[in-house]
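Okay, final05.pdb is below, PDB, C-alpha atoms:
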MODEL        1
ATOM      1  CA  MET A   1      22.174   2.260  -3.834  1.00  0.00           C
ATOM      2  CA  SER A   2      19.975   0.121  -1.599  1.00  0.00           C
ATOM      3  CA  GLY A   3      22.481  -2.652  -0.955  1.00  0.00           C
ATOM      4  CA  TYR A   4      20.417  -5.268  -2.788  1.00  0.00           C
ATOM      5  CA  GLU A   5      21.477  -4.537  -6.373  1.00  0.00           C
ATOM      6  CA  LYS A   6      23.471  -7.775  -6.659  1.00  0.00           C
ATOM      7  CA  ASN A   7      20.886 -10.003  -4.960  1.00  0.00           C
ATOM      8  CA  LYS A   8      18.820 -12.592  -6.762  1.00  0.00           C
ATOM      9  CA  SER A   9      15.367 -11.379  -7.787  1.00  0.00           C
ATOM     10  CA  LEU A  10      12.030 -12.813  -6.732  1.00  0.00           C
ATOM     11  CA  LEU A  11       9.368 -12.255  -9.386  1.00  0.00           C
ATOM     12  CA  TYR A  12       5.740 -12.346  -8.240  1.00  0.00           C
ATOM     13  CA  ILE A  13       2.867 -12.239 -10.731  1.00  0.00           C
ATOM     14  CA  TYR A  14      -0.795 -11.824  -9.783  1.00  0.00           C
ATOM     15  CA  SER A  15      -3.682 -11.854 -12.260  1.00  0.00           C
ATOM     16  CA  GLY A  16      -6.074  -8.950 -11.773  1.00  0.00           C
ATOM     17  CA  ALA A  17      -9.339  -7.755 -13.265  1.00  0.00           C
ATOM     18  CA  GLY A  18     -10.338  -9.733 -16.362  1.00  0.00           C
ATOM     19  CA  GLY A  19     -11.146 -13.305 -15.347  1.00  0.00           C
ATOM     20  CA  VAL A  20      -9.680 -16.048 -17.543  1.00  0.00           C
ATOM     21  CA  ASP A  21      -8.212 -13.409 -19.879  1.00  0.00           C
ATOM     22  CA  ALA A  22      -6.272 -11.915 -16.957  1.00  0.00           C
ATOM     23  CA  GLN A  23      -5.048 -15.349 -15.916  1.00  0.00           C
ATOM     24  CA  ASP A  24      -3.854 -15.998 -19.463  1.00  0.00           C
ATOM     25  CA  TRP A  25      -2.207 -12.549 -19.456  1.00  0.00           C
ATOM     26  CA  ALA A  26      -0.383 -13.405 -16.223  1.00  0.00           C
ATOM     27  CA  SER A  27       1.029 -16.547 -17.871  1.00  0.00           C
ATOM     28  CA  MET A  28       2.128 -14.463 -20.880  1.00  0.00           C
ATOM     29  CA  LEU A  29       4.026 -12.119 -18.563  1.00  0.00           C
ATOM     30  CA  LEU A  30       5.655 -15.052 -16.801  1.00  0.00           C
ATOM     31  CA  ARG A  31       6.900 -16.291 -20.172  1.00  0.00           C
ATOM     32  CA  MET A  32       8.046 -12.771 -21.143  1.00  0.00           C
ATOM     33  CA  TYR A  33      10.292 -12.454 -18.100  1.00  0.00           C
ATOM     34  CA  GLN A  34      11.522 -16.015 -18.556  1.00  0.00           C
ATOM     35  CA  ARG A  35      12.520 -15.226 -22.148  1.00  0.00           C
ATOM     36  CA  TYR A  36      14.154 -11.953 -21.066  1.00  0.00           C
ATOM     37  CA  SER A  37      16.153 -13.791 -18.403  1.00  0.00           C
ATOM     38  CA  GLN A  38      17.277 -16.374 -20.959  1.00  0.00           C
ATOM     39  CA  LYS A  39      18.428 -13.636 -23.334  1.00  0.00           C
ATOM     40  CA  ARG A  40      20.531 -12.123 -20.548  1.00  0.00           C
ATOM     41  CA  GLY A  41      21.943 -15.482 -19.467  1.00  0.00           C
ATOM     42  CA  TRP A  42      20.188 -15.418 -16.086  1.00  0.00           C
ATOM     43  CA  ASN A  43      18.898 -18.502 -14.319  1.00  0.00           C
ATOM     44  CA  PHE A  44      15.093 -18.525 -14.175  1.00  0.00           C
ATOM     45  CA  LYS A  45      13.274 -20.982 -11.934  1.00  0.00           C
ATOM     46  CA  ILE A  46       9.520 -21.108 -11.357  1.00  0.00           C
ATOM     47  CA  LEU A  47       9.002 -21.842  -7.665  1.00  0.00           C
ATOM     48  CA  HIS A  48       5.225 -21.945  -7.535  1.00  0.00           C
ATOM     49  CA  GLN A  49       2.185 -21.479  -9.780  1.00  0.00           C
ATOM     50  CA  SER A  50      -1.500 -21.363  -8.897  1.00  0.00           C
ATOM     51  CA  PHE A  51      -3.229 -22.338 -12.134  1.00  0.00           C
ATOM     52  CA  GLY A  52      -6.533 -21.003 -13.417  1.00  0.00           C
ATOM     53  CA  GLU A  53      -9.535 -23.267 -13.829  1.00  0.00           C
ATOM     54  CA  GLN A  54      -9.516 -22.919 -17.632  1.00  0.00           C
ATOM     55  CA  LYS A  55      -6.171 -21.465 -18.699  1.00  0.00           C
ATOM     56  CA  GLY A  56      -3.338 -19.340 -17.411  1.00  0.00           C
ATOM     57  CA  ILE A  57      -2.314 -18.676 -13.829  1.00  0.00           C
ATOM     58  CA  LYS A  58      -3.836 -16.900 -10.865  1.00  0.00           C
ATOM     59  CA  ASN A  59      -0.407 -16.152  -9.438  1.00  0.00           C
ATOM     60  CA  ALA A  60       3.176 -17.348  -9.648  1.00  0.00           C
ATOM     61  CA  VAL A  61       6.588 -16.762  -8.142  1.00  0.00           C
ATOM     62  CA  ALA A  62       9.944 -17.272  -9.830  1.00  0.00           C
ATOM     63  CA  GLU A  63      13.559 -16.912  -8.747  1.00  0.00           C
ATOM     64  CA  ILE A  64      15.886 -15.051 -11.107  1.00  0.00           C
ATOM     65  CA  GLY A  65      19.610 -15.437 -10.530  1.00  0.00           C
ATOM     66  CA  GLY A  66      22.140 -13.373 -12.425  1.00  0.00           C
ATOM     67  CA  ASP A  67      24.430 -10.372 -12.192  1.00  0.00           C
ATOM     68  CA  ASN A  68      22.396  -7.339 -11.136  1.00  0.00           C
ATOM     69  CA  SER A  69      19.069  -8.992 -11.953  1.00  0.00           C
ATOM     70  CA  TYR A  70      17.327  -7.199  -9.097  1.00  0.00           C
ATOM     71  CA  ASP A  71      18.815  -3.849 -10.050  1.00  0.00           C
ATOM     72  CA  MET A  72      17.669  -4.378 -13.632  1.00  0.00           C
ATOM     73  CA  LEU A  73      14.153  -5.611 -12.886  1.00  0.00           C
ATOM     74  CA  LYS A  74      12.982  -3.664  -9.837  1.00  0.00           C
ATOM     75  CA  GLY A  75      11.401  -1.001 -12.042  1.00  0.00           C
ATOM     76  CA  GLU A  76       9.048  -3.639 -13.485  1.00  0.00           C
ATOM     77  CA  SER A  77       6.970  -3.656 -10.288  1.00  0.00           C
ATOM     78  CA  GLY A  78       3.474  -2.401 -10.992  1.00  0.00           C
ATOM     79  CA  VAL A  79       0.314  -3.115 -12.979  1.00  0.00           C
ATOM     80  CA  HIS A  80       0.651  -4.264 -16.597  1.00  0.00           C
ATOM     81  CA  ARG A  81      -2.362  -3.860 -18.924  1.00  0.00           C
ATOM     82  CA  LEU A  82      -3.212  -5.909 -22.032  1.00  0.00           C
ATOM     83  CA  VAL A  83      -5.741  -4.986 -24.747  1.00  0.00           C
ATOM     84  CA  ARG A  84      -6.570  -7.629 -27.367  1.00  0.00           C
ATOM     85  CA  ILE A  85      -9.291  -9.640 -29.057  1.00  0.00           C
ATOM     86  CA  SER A  86     -10.094 -12.222 -26.413  1.00  0.00           C
ATOM     87  CA  PRO A  87      -9.296 -15.791 -27.503  1.00  0.00           C
ATOM     88  CA  PHE A  88     -11.943 -16.850 -24.977  1.00  0.00           C
ATOM     89  CA  SER A  89     -14.748 -14.761 -26.503  1.00  0.00           C
ATOM     90  CA  ALA A  90     -17.100 -16.588 -28.894  1.00  0.00           C
ATOM     91  CA  LYS A  91     -17.975 -13.191 -30.397  1.00  0.00           C
ATOM     92  CA  ASN A  92     -14.324 -12.135 -30.815  1.00  0.00           C
ATOM     93  CA  LEU A  93     -14.774  -9.153 -28.503  1.00  0.00           C
ATOM     94  CA  ARG A  94     -11.948  -6.858 -27.467  1.00  0.00           C
ATOM     95  CA  HIS A  95     -10.937  -7.389 -23.852  1.00  0.00           C
ATOM     96  CA  THR A  96      -8.731  -5.546 -21.365  1.00  0.00           C
ATOM     97  CA  SER A  97      -6.798  -7.545 -18.770  1.00  0.00           C
ATOM     98  CA  PHE A  98      -4.552  -6.594 -15.880  1.00  0.00           C
ATOM     99  CA  ALA A  99      -1.778  -8.277 -13.907  1.00  0.00           C
ATOM    100  CA  LEU A 100       0.453  -7.100 -11.075  1.00  0.00           C
ATOM    101  CA  ILE A 101       4.215  -7.605 -11.168  1.00  0.00           C
ATOM    102  CA  GLU A 102       6.208  -7.434  -7.948  1.00  0.00           C
ATOM    103  CA  ILE A 103      10.013  -7.649  -7.847  1.00  0.00           C
ATOM    104  CA  LEU A 104      11.766  -8.216  -4.515  1.00  0.00           C
ATOM    105  CA  PRO A 105      15.383  -9.010  -3.678  1.00  0.00           C
ATOM    106  CA  GLU A 106      16.165 -12.342  -2.068  1.00  0.00           C
ATOM    107  CA  ILE A 107      16.986 -11.732   1.590  1.00  0.00           C
ATOM    108  CA  ILE A 108      19.622 -13.767   3.386  1.00  0.00           C
ATOM    109  CA  PHE A 109      18.427 -15.735   6.410  1.00  0.00           C
ATOM    110  CA  THR A 110      20.978 -14.237   8.769  1.00  0.00           C
ATOM    111  CA  GLU A 111      19.684 -10.678   8.355  1.00  0.00           C
ATOM    112  CA  PHE A 112      17.037 -11.252  11.017  1.00  0.00           C
ATOM    113  CA  LYS A 113      15.394 -14.038  13.010  1.00  0.00           C
ATOM    114  CA  LEU A 114      11.868 -15.430  12.959  1.00  0.00           C
ATOM    115  CA  ASP A 115      10.124 -17.084  15.906  1.00  0.00           C
ATOM    116  CA  PRO A 116       9.293 -20.676  14.821  1.00  0.00           C
ATOM    117  CA  SER A 117       6.184 -20.627  17.020  1.00  0.00           C
ATOM    118  CA  GLN A 118       4.759 -17.897  14.772  1.00  0.00           C
ATOM    119  CA  LEU A 119       5.026 -20.008  11.622  1.00  0.00           C
ATOM    120  CA  LYS A 120       2.419 -22.440  10.307  1.00  0.00           C
ATOM    121  CA  THR A 121       3.575 -25.034   7.768  1.00  0.00           C
ATOM    122  CA  ASP A 122       1.179 -26.922   5.494  1.00  0.00           C
ATOM    123  CA  THR A 123       1.995 -29.530   2.874  1.00  0.00           C
ATOM    124  CA  PHE A 124       0.005 -30.337  -0.255  1.00  0.00           C
ATOM    125  CA  ARG A 125       0.318 -32.000  -3.621  1.00  0.00           C
ATOM    126  CA  SER A 126       1.872 -30.075  -6.486  1.00  0.00           C
ATOM    127  CA  SER A 127      -0.716 -29.349  -9.151  1.00  0.00           C
ATOM    128  CA  GLY A 128      -0.674 -28.641 -12.861  1.00  0.00           C
ATOM    129  CA  PRO A 129      -2.877 -26.752 -15.338  1.00  0.00           C
ATOM    130  CA  GLY A 130      -6.579 -27.376 -14.885  1.00  0.00           C
ATOM    131  CA  GLY A 131      -6.062 -28.432 -11.274  1.00  0.00           C
ATOM    132  CA  GLN A 132      -4.608 -31.820 -12.179  1.00  0.00           C
ATOM    133  CA  ASN A 133      -2.245 -33.351  -9.627  1.00  0.00           C
ATOM    134  CA  VAL A 134       1.244 -33.804 -10.999  1.00  0.00           C
ATOM    135  CA  ASN A 135       2.655 -35.327  -7.818  1.00  0.00           C
ATOM    136  CA  LYS A 136       1.015 -38.027  -5.707  1.00  0.00           C
ATOM    137  CA  LEU A 137       3.111 -37.058  -2.676  1.00  0.00           C
ATOM    138  CA  GLU A 138       2.572 -33.953  -0.563  1.00  0.00           C
ATOM    139  CA  THR A 139       5.934 -32.402  -1.369  1.00  0.00           C
ATOM    140  CA  ALA A 140       4.695 -28.830  -1.918  1.00  0.00           C
ATOM    141  CA  VAL A 141       4.975 -26.550   1.112  1.00  0.00           C
ATOM    142  CA  ARG A 142       3.086 -23.459   2.243  1.00  0.00           C
ATOM    143  CA  ILE A 143       4.399 -21.413   5.179  1.00  0.00           C
ATOM    144  CA  THR A 144       2.275 -18.748   6.864  1.00  0.00           C
ATOM    145  CA  HIS A 145       3.612 -16.078   9.217  1.00  0.00           C
ATOM    146  CA  LEU A 146       0.721 -15.938  11.691  1.00  0.00           C
ATOM    147  CA  PRO A 147       1.188 -12.391  13.075  1.00  0.00           C
ATOM    148  CA  THR A 148       1.020 -10.790   9.609  1.00  0.00           C
ATOM    149  CA  GLY A 149      -0.896 -13.443   7.664  1.00  0.00           C
ATOM    150  CA  THR A 150       1.844 -13.471   5.040  1.00  0.00           C
ATOM    151  CA  ALA A 151       1.912 -16.808   3.185  1.00  0.00           C
ATOM    152  CA  VAL A 152       4.286 -18.261   0.601  1.00  0.00           C
ATOM    153  CA  ALA A 153       4.249 -21.572  -1.255  1.00  0.00           C
ATOM    154  CA  VAL A 154       6.842 -23.558  -3.206  1.00  0.00           C
ATOM    155  CA  GLN A 155       6.353 -26.712  -5.285  1.00  0.00           C
ATOM    156  CA  SER A 156       9.346 -26.666  -7.629  1.00  0.00           C
ATOM    157  CA  GLU A 157      11.688 -28.988  -5.729  1.00  0.00           C
ATOM    158  CA  ARG A 158      11.438 -32.777  -5.550  1.00  0.00           C
ATOM    159  CA  SER A 159      11.484 -33.130  -1.787  1.00  0.00           C
ATOM    160  CA  GLN A 160       9.420 -31.551   0.940  1.00  0.00           C
ATOM    161  CA  ALA A 161      12.564 -30.450   2.778  1.00  0.00           C
ATOM    162  CA  GLN A 162      13.906 -28.596  -0.273  1.00  0.00           C
ATOM    163  CA  ASN A 163      10.567 -26.891  -0.865  1.00  0.00           C
ATOM    164  CA  LYS A 164      10.438 -25.838   2.782  1.00  0.00           C
ATOM    165  CA  GLU A 165      13.914 -24.320   2.612  1.00  0.00           C
ATOM    166  CA  LYS A 166      13.031 -22.358  -0.514  1.00  0.00           C
ATOM    167  CA  ALA A 167       9.710 -21.256   0.996  1.00  0.00           C
ATOM    168  CA  MET A 168      11.574 -19.878   4.000  1.00  0.00           C
ATOM    169  CA  GLN A 169      13.744 -17.821   1.650  1.00  0.00           C
ATOM    170  CA  LEU A 170      10.616 -16.358   0.066  1.00  0.00           C
ATOM    171  CA  LEU A 171       9.093 -15.635   3.454  1.00  0.00           C
ATOM    172  CA  TYR A 172      12.184 -13.792   4.606  1.00  0.00           C
ATOM    173  CA  SER A 173      12.059 -11.598   1.526  1.00  0.00           C
ATOM    174  CA  LYS A 174       8.341 -10.944   1.961  1.00  0.00           C
ATOM    175  CA  LEU A 175       8.657 -10.071   5.643  1.00  0.00           C
ATOM    176  CA  ALA A 176      11.875  -8.082   5.503  1.00  0.00           C
ATOM    177  CA  ARG A 177      10.217  -4.720   5.094  1.00  0.00           C
ATOM    178  CA  LYS A 178       7.488  -5.534   7.648  1.00  0.00           C
ATOM    179  CA  LEU A 179       9.755  -6.882  10.376  1.00  0.00           C
ATOM    180  CA  GLU A 180      12.828  -4.724   9.812  1.00  0.00           C
ATOM    181  CA  GLN A 181      11.552  -1.309   8.704  1.00  0.00           C
ATOM    182  CA  ALA A 182      14.257   0.492  10.639  1.00  0.00           C
ATOM    183  CA  LYS A 183      17.035  -1.709   9.322  1.00  0.00           C
ATOM    184  CA  ILE A 184      15.877  -2.264   5.741  1.00  0.00           C
ATOM    185  CA  LYS A 185      14.097   0.966   4.899  1.00  0.00           C
ATOM    186  CA  GLU A 186      14.550   0.503   1.151  1.00  0.00           C
ATOM    187  CA  LEU A 187      12.112  -2.411   1.029  1.00  0.00           C
ATOM    188  CA  SER A 188       9.201  -0.198   2.000  1.00  0.00           C
ATOM    189  CA  GLU A 189       9.288   1.190  -1.540  1.00  0.00           C
ATOM    190  CA  LEU A 190       9.638  -2.084  -3.399  1.00  0.00           C
ATOM    191  CA  LYS A 191       6.072  -3.408  -3.358  1.00  0.00           C
ATOM    192  CA  PRO A 192       3.255  -1.373  -4.881  1.00  0.00           C
ATOM    193  CA  GLU A 193       0.729  -0.722  -2.105  1.00  0.00           C
ATOM    194  CA  LEU A 194      -2.397  -1.583  -4.089  1.00  0.00           C
ATOM    195  CA  LYS A 195      -5.708  -2.129  -2.345  1.00  0.00           C
ATOM    196  CA  SER A 196      -7.783  -5.198  -3.135  1.00  0.00           C
ATOM    197  CA  GLY A 197      -9.342  -4.924  -6.576  1.00  0.00           C
ATOM    198  CA  SER A 198      -7.100  -2.078  -7.738  1.00  0.00           C
ATOM    199  CA  ILE A 199      -5.142  -4.147 -10.272  1.00  0.00           C
ATOM    200  CA  GLU A 200      -7.137  -2.399 -12.974  1.00  0.00           C
ATOM    201  CA  TRP A 201      -7.746   0.877 -14.835  1.00  0.00           C
ATOM    202  CA  GLY A 202      -5.687   3.904 -13.889  1.00  0.00           C
ATOM    203  CA  SER A 203      -2.959   2.078 -11.994  1.00  0.00           C
ATOM    204  CA  GLN A 204      -0.982   0.544 -14.874  1.00  0.00           C
ATOM    205  CA  ILE A 205       2.676   1.354 -15.495  1.00  0.00           C
ATOM    206  CA  ARG A 206       2.715  -0.182 -18.986  1.00  0.00           C
ATOM    207  CA  SER A 207       0.137  -1.026 -21.643  1.00  0.00           C
ATOM    208  CA  TYR A 208       0.406  -3.744 -24.291  1.00  0.00           C
ATOM    209  CA  VAL A 209      -2.125  -3.159 -27.082  1.00  0.00           C
ATOM    210  CA  LEU A 210      -2.593  -5.921 -29.670  1.00  0.00           C
ATOM    211  CA  HIS A 211      -5.875  -4.593 -31.133  1.00  0.00           C
ATOM    212  CA  PRO A 212      -7.069  -2.362 -32.836  1.00  0.00           C
ATOM    213  CA  TYR A 213      -3.413  -1.322 -33.319  1.00  0.00           C
ATOM    214  CA  GLN A 214      -0.134  -2.751 -32.049  1.00  0.00           C
ATOM    215  CA  MET A 215       1.737  -0.781 -29.420  1.00  0.00           C
ATOM    216  CA  VAL A 216       3.545  -1.225 -26.120  1.00  0.00           C
ATOM    217  CA  LYS A 217       3.882   1.961 -24.082  1.00  0.00           C
ATOM    218  CA  ASP A 218       5.467   2.629 -20.710  1.00  0.00           C
ATOM    219  CA  HIS A 219       3.377   5.317 -19.032  1.00  0.00           C
ATOM    220  CA  ARG A 220       6.231   6.501 -16.810  1.00  0.00           C
ATOM    221  CA  THR A 221       8.844   7.134 -19.471  1.00  0.00           C
ATOM    222  CA  GLY A 222       6.811   7.415 -22.675  1.00  0.00           C
ATOM    223  CA  VAL A 223       8.944   4.705 -24.324  1.00  0.00           C
ATOM    224  CA  LYS A 224       6.981   2.932 -27.076  1.00  0.00           C
ATOM    225  CA  SER A 225       7.313  -0.041 -29.400  1.00  0.00           C
ATOM    226  CA  SER A 226       5.116  -0.995 -32.355  1.00  0.00           C
ATOM    227  CA  GLN A 227       6.309  -4.603 -32.115  1.00  0.00           C
ATOM    228  CA  PRO A 228       4.499  -6.128 -29.094  1.00  0.00           C
ATOM    229  CA  ASP A 229       5.321  -9.664 -30.258  1.00  0.00           C
ATOM    230  CA  ARG A 230       9.023  -8.945 -29.782  1.00  0.00           C
ATOM    231  CA  ILE A 231       8.418  -7.386 -26.366  1.00  0.00           C
ATOM    232  CA  LEU A 232       6.328 -10.348 -25.211  1.00  0.00           C
ATOM    233  CA  ASP A 233       9.112 -12.626 -26.423  1.00  0.00           C
ATOM    234  CA  GLY A 234      11.500 -10.984 -23.977  1.00  0.00           C
ATOM    235  CA  ASP A 235      12.941  -8.051 -25.948  1.00  0.00           C
ATOM    236  CA  LEU A 236      12.588  -5.730 -22.958  1.00  0.00           C
ATOM    237  CA  ASP A 237      15.849  -3.801 -22.837  1.00  0.00           C
ATOM    238  CA  LYS A 238      14.428  -0.467 -24.032  1.00  0.00           C
ATOM    239  CA  PHE A 239      11.705  -0.600 -21.354  1.00  0.00           C
ATOM    240  CA  ILE A 240      13.870  -1.526 -18.373  1.00  0.00           C
ATOM    241  CA  ILE A 241      14.112   1.375 -15.913  1.00  0.00           C
ATOM    242  CA  ARG A 242      17.314   1.386 -13.937  1.00  0.00           C
ATOM    243  CA  ALA A 243      18.199   3.535 -10.957  1.00  0.00           C
ATOM    244  CA  ASP A 244      21.117   5.099 -12.808  1.00  0.00           C
ATOM    245  CA  ASN A 245      19.055   5.993 -15.922  1.00  0.00           C
TER     246      ASN A 245
ENDMDL
END
What would you get if you wrote out this structure as structure tokens?
Amino acid sequence: MSGYEKNKSLLYIYSGAGGVDAQDWASMLLRMYQRYSQKRGWNFKILHQSFGEQKGIKNAVAEIGGDNSYDMLKGESGVHRLVRISPFSAKNLRHTSFALIEILPEIIFTEFKLDPSQLKTDTFRSSGPGGQNVNKLETAVRITHLPTGTAVAVQSERSQAQNKEKAMQLLYSKLARKLEQAKIKELSELKPELKSGSIEWGSQIRSYVLHPYQMVKDHRTGVKSSQPDRILDGDLDKFIIRADN
């Protein structure tokens, strides 16, 4: 037991190799975890999305609140691979896309202190798909921890103050393992240490094949399903890896 099993979860999604297909795949994964959370009765709130130029998302972060959500979802961290006929290919070519999932526990502010002089805060307008501005006011907030270069952004709340508070929560969770290695040793194992450009072949934990056959397979456990539509709609229970399994 790491001590974080009952904490809220922070879900990070990053599109990888595959261009617009990968960005669309990242948005499909975001929906999959949203549907799974709804099925379990968990609160699911998208805190920030960086949208692709054409479709999908470059990255996103969501907060998942519910009993043992972190304990249930922490095994989802890793690269997820999709094989399908690309809806963006005029020649209907098969395409492989990758996205990285990262699950972290929400860390309480009081667990350690940050020096305000080491934080840089920027404000910007919330944006929607295709880069369109959905808010004329600069209510979205990005906070950067200057010594490590770690940056987080939140645009989900209506006021700048609320977005800043939520961004600080994200930053604490991101920095916990970097700033408190001795105190919070468990966090050093939570984030896959993938080098730039390695969200691709050979590093995936699960594959979702929609063509030429239909199959979802977890490469760690060998668990399979021939119904990828159900899995992508949030029917994930058989694939969830728990510490006590």
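Closest to A:Asp21 among A:Ile46, A:Val141, A:Ile107, A:Ile57 is A:Ile57, based on only C-alpha atoms.
Counting all atoms listed in the file and comparing A:Leu47, A:Leu11, A:Ala167, A:Ile205, the residue that lies closest to A:Met32 is A:Leu11.
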Taking the file as shown, what set of residues would the PyMOL selection byres ((chain A and resi 168) around 12) give back, as a PDB file with C-alpha atoms, in the frame of the given file?
ATOM      1  CA  GLU A 106      16.165 -12.342  -2.068  1.00  0.00           C
ATOM      2  CA  ILE A 107      16.986 -11.732   1.590  1.00  0.00           C
ATOM      3  CA  ILE A 108      19.622 -13.767   3.386  1.00  0.00           C
ATOM      4  CA  PHE A 109      18.427 -15.735   6.410  1.00  0.00           C
ATOM      5  CA  THR A 110      20.978 -14.237   8.769  1.00  0.00           C
ATOM      6  CA  LYS A 113      15.394 -14.038  13.010  1.00  0.00           C
ATOM      7  CA  LEU A 114      11.868 -15.430  12.959  1.00  0.00           C
ATOM      8  CA  PRO A 116       9.293 -20.676  14.821  1.00  0.00           C
ATOM      9  CA  LEU A 119       5.026 -20.008  11.622  1.00  0.00           C
ATOM     10  CA  LYS A 120       2.419 -22.440  10.307  1.00  0.00           C
ATOM     11  CA  THR A 121       3.575 -25.034   7.768  1.00  0.00           C
ATOM     12  CA  VAL A 141       4.975 -26.550   1.112  1.00  0.00           C
ATOM     13  CA  ARG A 142       3.086 -23.459   2.243  1.00  0.00           C
ATOM     14  CA  ILE A 143       4.399 -21.413   5.179  1.00  0.00           C
ATOM     15  CA  THR A 144       2.275 -18.748   6.864  1.00  0.00           C
ATOM     16  CA  HIS A 145       3.612 -16.078   9.217  1.00  0.00           C
ATOM     17  CA  THR A 150       1.844 -13.471   5.040  1.00  0.00           C
ATOM     18  CA  ALA A 151       1.912 -16.808   3.185  1.00  0.00           C
ATOM     19  CA  VAL A 152       4.286 -18.261   0.601  1.00  0.00           C
ATOM     20  CA  ALA A 153       4.249 -21.572  -1.255  1.00  0.00           C
ATOM     21  CA  VAL A 154       6.842 -23.558  -3.206  1.00  0.00           C
ATOM     22  CA  ALA A 161      12.564 -30.450   2.778  1.00  0.00           C
ATOM     23  CA  GLN A 162      13.906 -28.596  -0.273  1.00  0.00           C
ATOM     24  CA  ASN A 163      10.567 -26.891  -0.865  1.00  0.00           C
ATOM     25  CA  LYS A 164      10.438 -25.838   2.782  1.00  0.00           C
ATOM     26  CA  GLU A 165      13.914 -24.320   2.612  1.00  0.00           C
ATOM     27  CA  LYS A 166      13.031 -22.358  -0.514  1.00  0.00           C
ATOM     28  CA  ALA A 167       9.710 -21.256   0.996  1.00  0.00           C
ATOM     29  CA  GLN A 169      13.744 -17.821   1.650  1.00  0.00           C
ATOM     30  CA  LEU A 170      10.616 -16.358   0.066  1.00  0.00           C
ATOM     31  CA  LEU A 171       9.093 -15.635   3.454  1.00  0.00           C
ATOM     32  CA  TYR A 172      12.184 -13.792   4.606  1.00  0.00           C
ATOM     33  CA  SER A 173      12.059 -11.598   1.526  1.00  0.00           C
ATOM     34  CA  LYS A 174       8.341 -10.944   1.961  1.00  0.00           C
ATOM     35  CA  LEU A 175       8.657 -10.071   5.643  1.00  0.00           C
ATOM     36  CA  ALA A 176      11.875  -8.082   5.503  1.00  0.00           C
TER      37      ALA A 176
END
| message | Quick check, in Å to one decimal: how far apart do atom CA of A:Ile13 and atom CA of A:Leu100 lie? | response | 5.7 Å
| task | With a distance cut-off of 8 Å and all atoms listed in the file, select the neighbouring residues of A:Gly66, excluding the residue or stretch itself and same-chain residues fewer than 6 positions from it, and output the selection as an MDAnalysis selection string. | result | chainID A and resid 8 41:43
Restricted to C-alpha atoms, what would the selected residues look like written as an mmCIF file, in the coordinates of the input?
data_model
loop_
_atom_site.group_PDB
_atom_site.id
_atom_site.type_symbol
_atom_site.label_atom_id
_atom_site.label_comp_id
_atom_site.auth_asym_id
_atom_site.auth_seq_id
_atom_site.Cartn_x
_atom_site.Cartn_y
_atom_site.Cartn_z
ATOM 1 C CA LYS A 8 18.820 -12.592 -6.762
ATOM 2 C CA GLY A 41 21.943 -15.482 -19.467
ATOM 3 C CA TRP A 42 20.188 -15.418 -16.086
ATOM 4 C CA ASN A 43 18.898 -18.502 -14.319
#
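Closest approach to A:Lys55 among A:Trp25, A:Tyr213, A:Tyr70, A:Phe124 is made by A:Trp25 (distances from all atoms listed in the file).
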| said: Residue by residue, what does the PyMOL selection byres ((chain A and resi 96) around 6) grab here? Present the result as a PyMOL selection string. | reply: chain A and resi 82-83+95+97
| request: Please write as JSON, numbers by chain the full residue list that the PyMOL selection byres ((chain A and resi 209) around 9) yields on this file. | output: {"A": [81, 82, 83, 84, 207, 208, 210, 211, 212, 213, 214, 215, 216, 217, 228]}
Got time to write the residues from that selection, C-alpha atoms, as a CSV table (one decimal), in the coordinates of the input?
chain,number,residue,atom,x,y,z
A,81,ARG,CA,-2.4,-3.9,-18.9
A,82,LEU,CA,-3.2,-5.9,-22.0
A,83,VAL,CA,-5.7,-5.0,-24.7
A,84,ARG,CA,-6.6,-7.6,-27.4
A,207,SER,CA,0.1,-1.0,-21.6
A,208,TYR,CA,0.4,-3.7,-24.3
A,210,LEU,CA,-2.6,-5.9,-29.7
A,211,HIS,CA,-5.9,-4.6,-31.1
A,212,PRO,CA,-7.1,-2.4,-32.8
A,213,TYR,CA,-3.4,-1.3,-33.3
A,214,GLN,CA,-0.1,-2.8,-32.0
A,215,MET,CA,1.7,-0.8,-29.4
A,216,VAL,CA,3.5,-1.2,-26.1
A,217,LYS,CA,3.9,2.0,-24.1
A,228,PRO,CA,4.5,-6.1,-29.1
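The space between atom CA of A:Glu53 and atom CA of A:Ser86 spans 16.8 Å.
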| field | Of the listed residues A:Asn7, A:Ser27, A:Ser77, A:Gln118, that which approaches A:Pro105 most closely, counting all atoms listed in the file | value |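 Nearest candidate to A:Pro105 out of A:Asn7, A:Ser27, A:Ser77, A:Gln118: A:Asn7.
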| message | Which residues are close to A:Ile101, i.e. within 12 Å by only C-alpha atoms, leaving aside same-chain residues fewer than 4 positions away? Reply as a PyMOL selection string. | response | chain A and resi 10-16+25-27+29-30+32-33+59-62+73-81+190-194+199+204-206
| query | To one decimal place, how far is atom CA of A:His48 from atom CA of A:Asp235 in Å? | reply |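 Computed distance, atom CA of A:His48 to atom CA of A:Asp235, equals 24.3 Å.
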Test item: axis-aligned box, all listed atoms of stretch 26-44 of chain A, 6 Å on each side, centre and edges in Å rounded to one decimal, as lines of an AutoDock Vina configuration file:
center_x = 10.8
center_y = -15.2
center_z = -18.8
size_x = 34.3
size_y = 18.6
size_z = 21.2
| query | Closest to A:Leu236 among A:Met28, A:Met72, A:Gly52, A:Glu138, using all atoms listed in the file? | reply |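 Between A:Met28, A:Met72, A:Gly52, A:Glu138, the residue approaching A:Leu236 most closely is A:Met72.
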| said: I'd like the neighbourhood of A:Thr139 as a list of chain:residue names, where a residue qualifies if any of its atoms comes within 7 Å (using only C-alpha atoms), though same-chain residues fewer than 5 positions away should be ignored. | reply: A:Thr123, A:Phe124, A:Arg125, A:Ser126, A:Gln155, A:Arg158, A:Ser159, A:Gln160
| request: Select, counting all atoms listed in the file, all protein, DNA and RNA residues no farther than 12 Å from (-10.3, -23.4, -19.3) in file coordinates, and express the selection as a list in words. | output: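 The residues that fall inside the cut-off are Gly19, Val20, Asp21, Gln23, Asp24, Phe51, Gly52, Glu53, Gln54, Lys55, Gly56, Ile57, Pro87, Phe88, Pro129, Gly130 and Gly131 of chain A.
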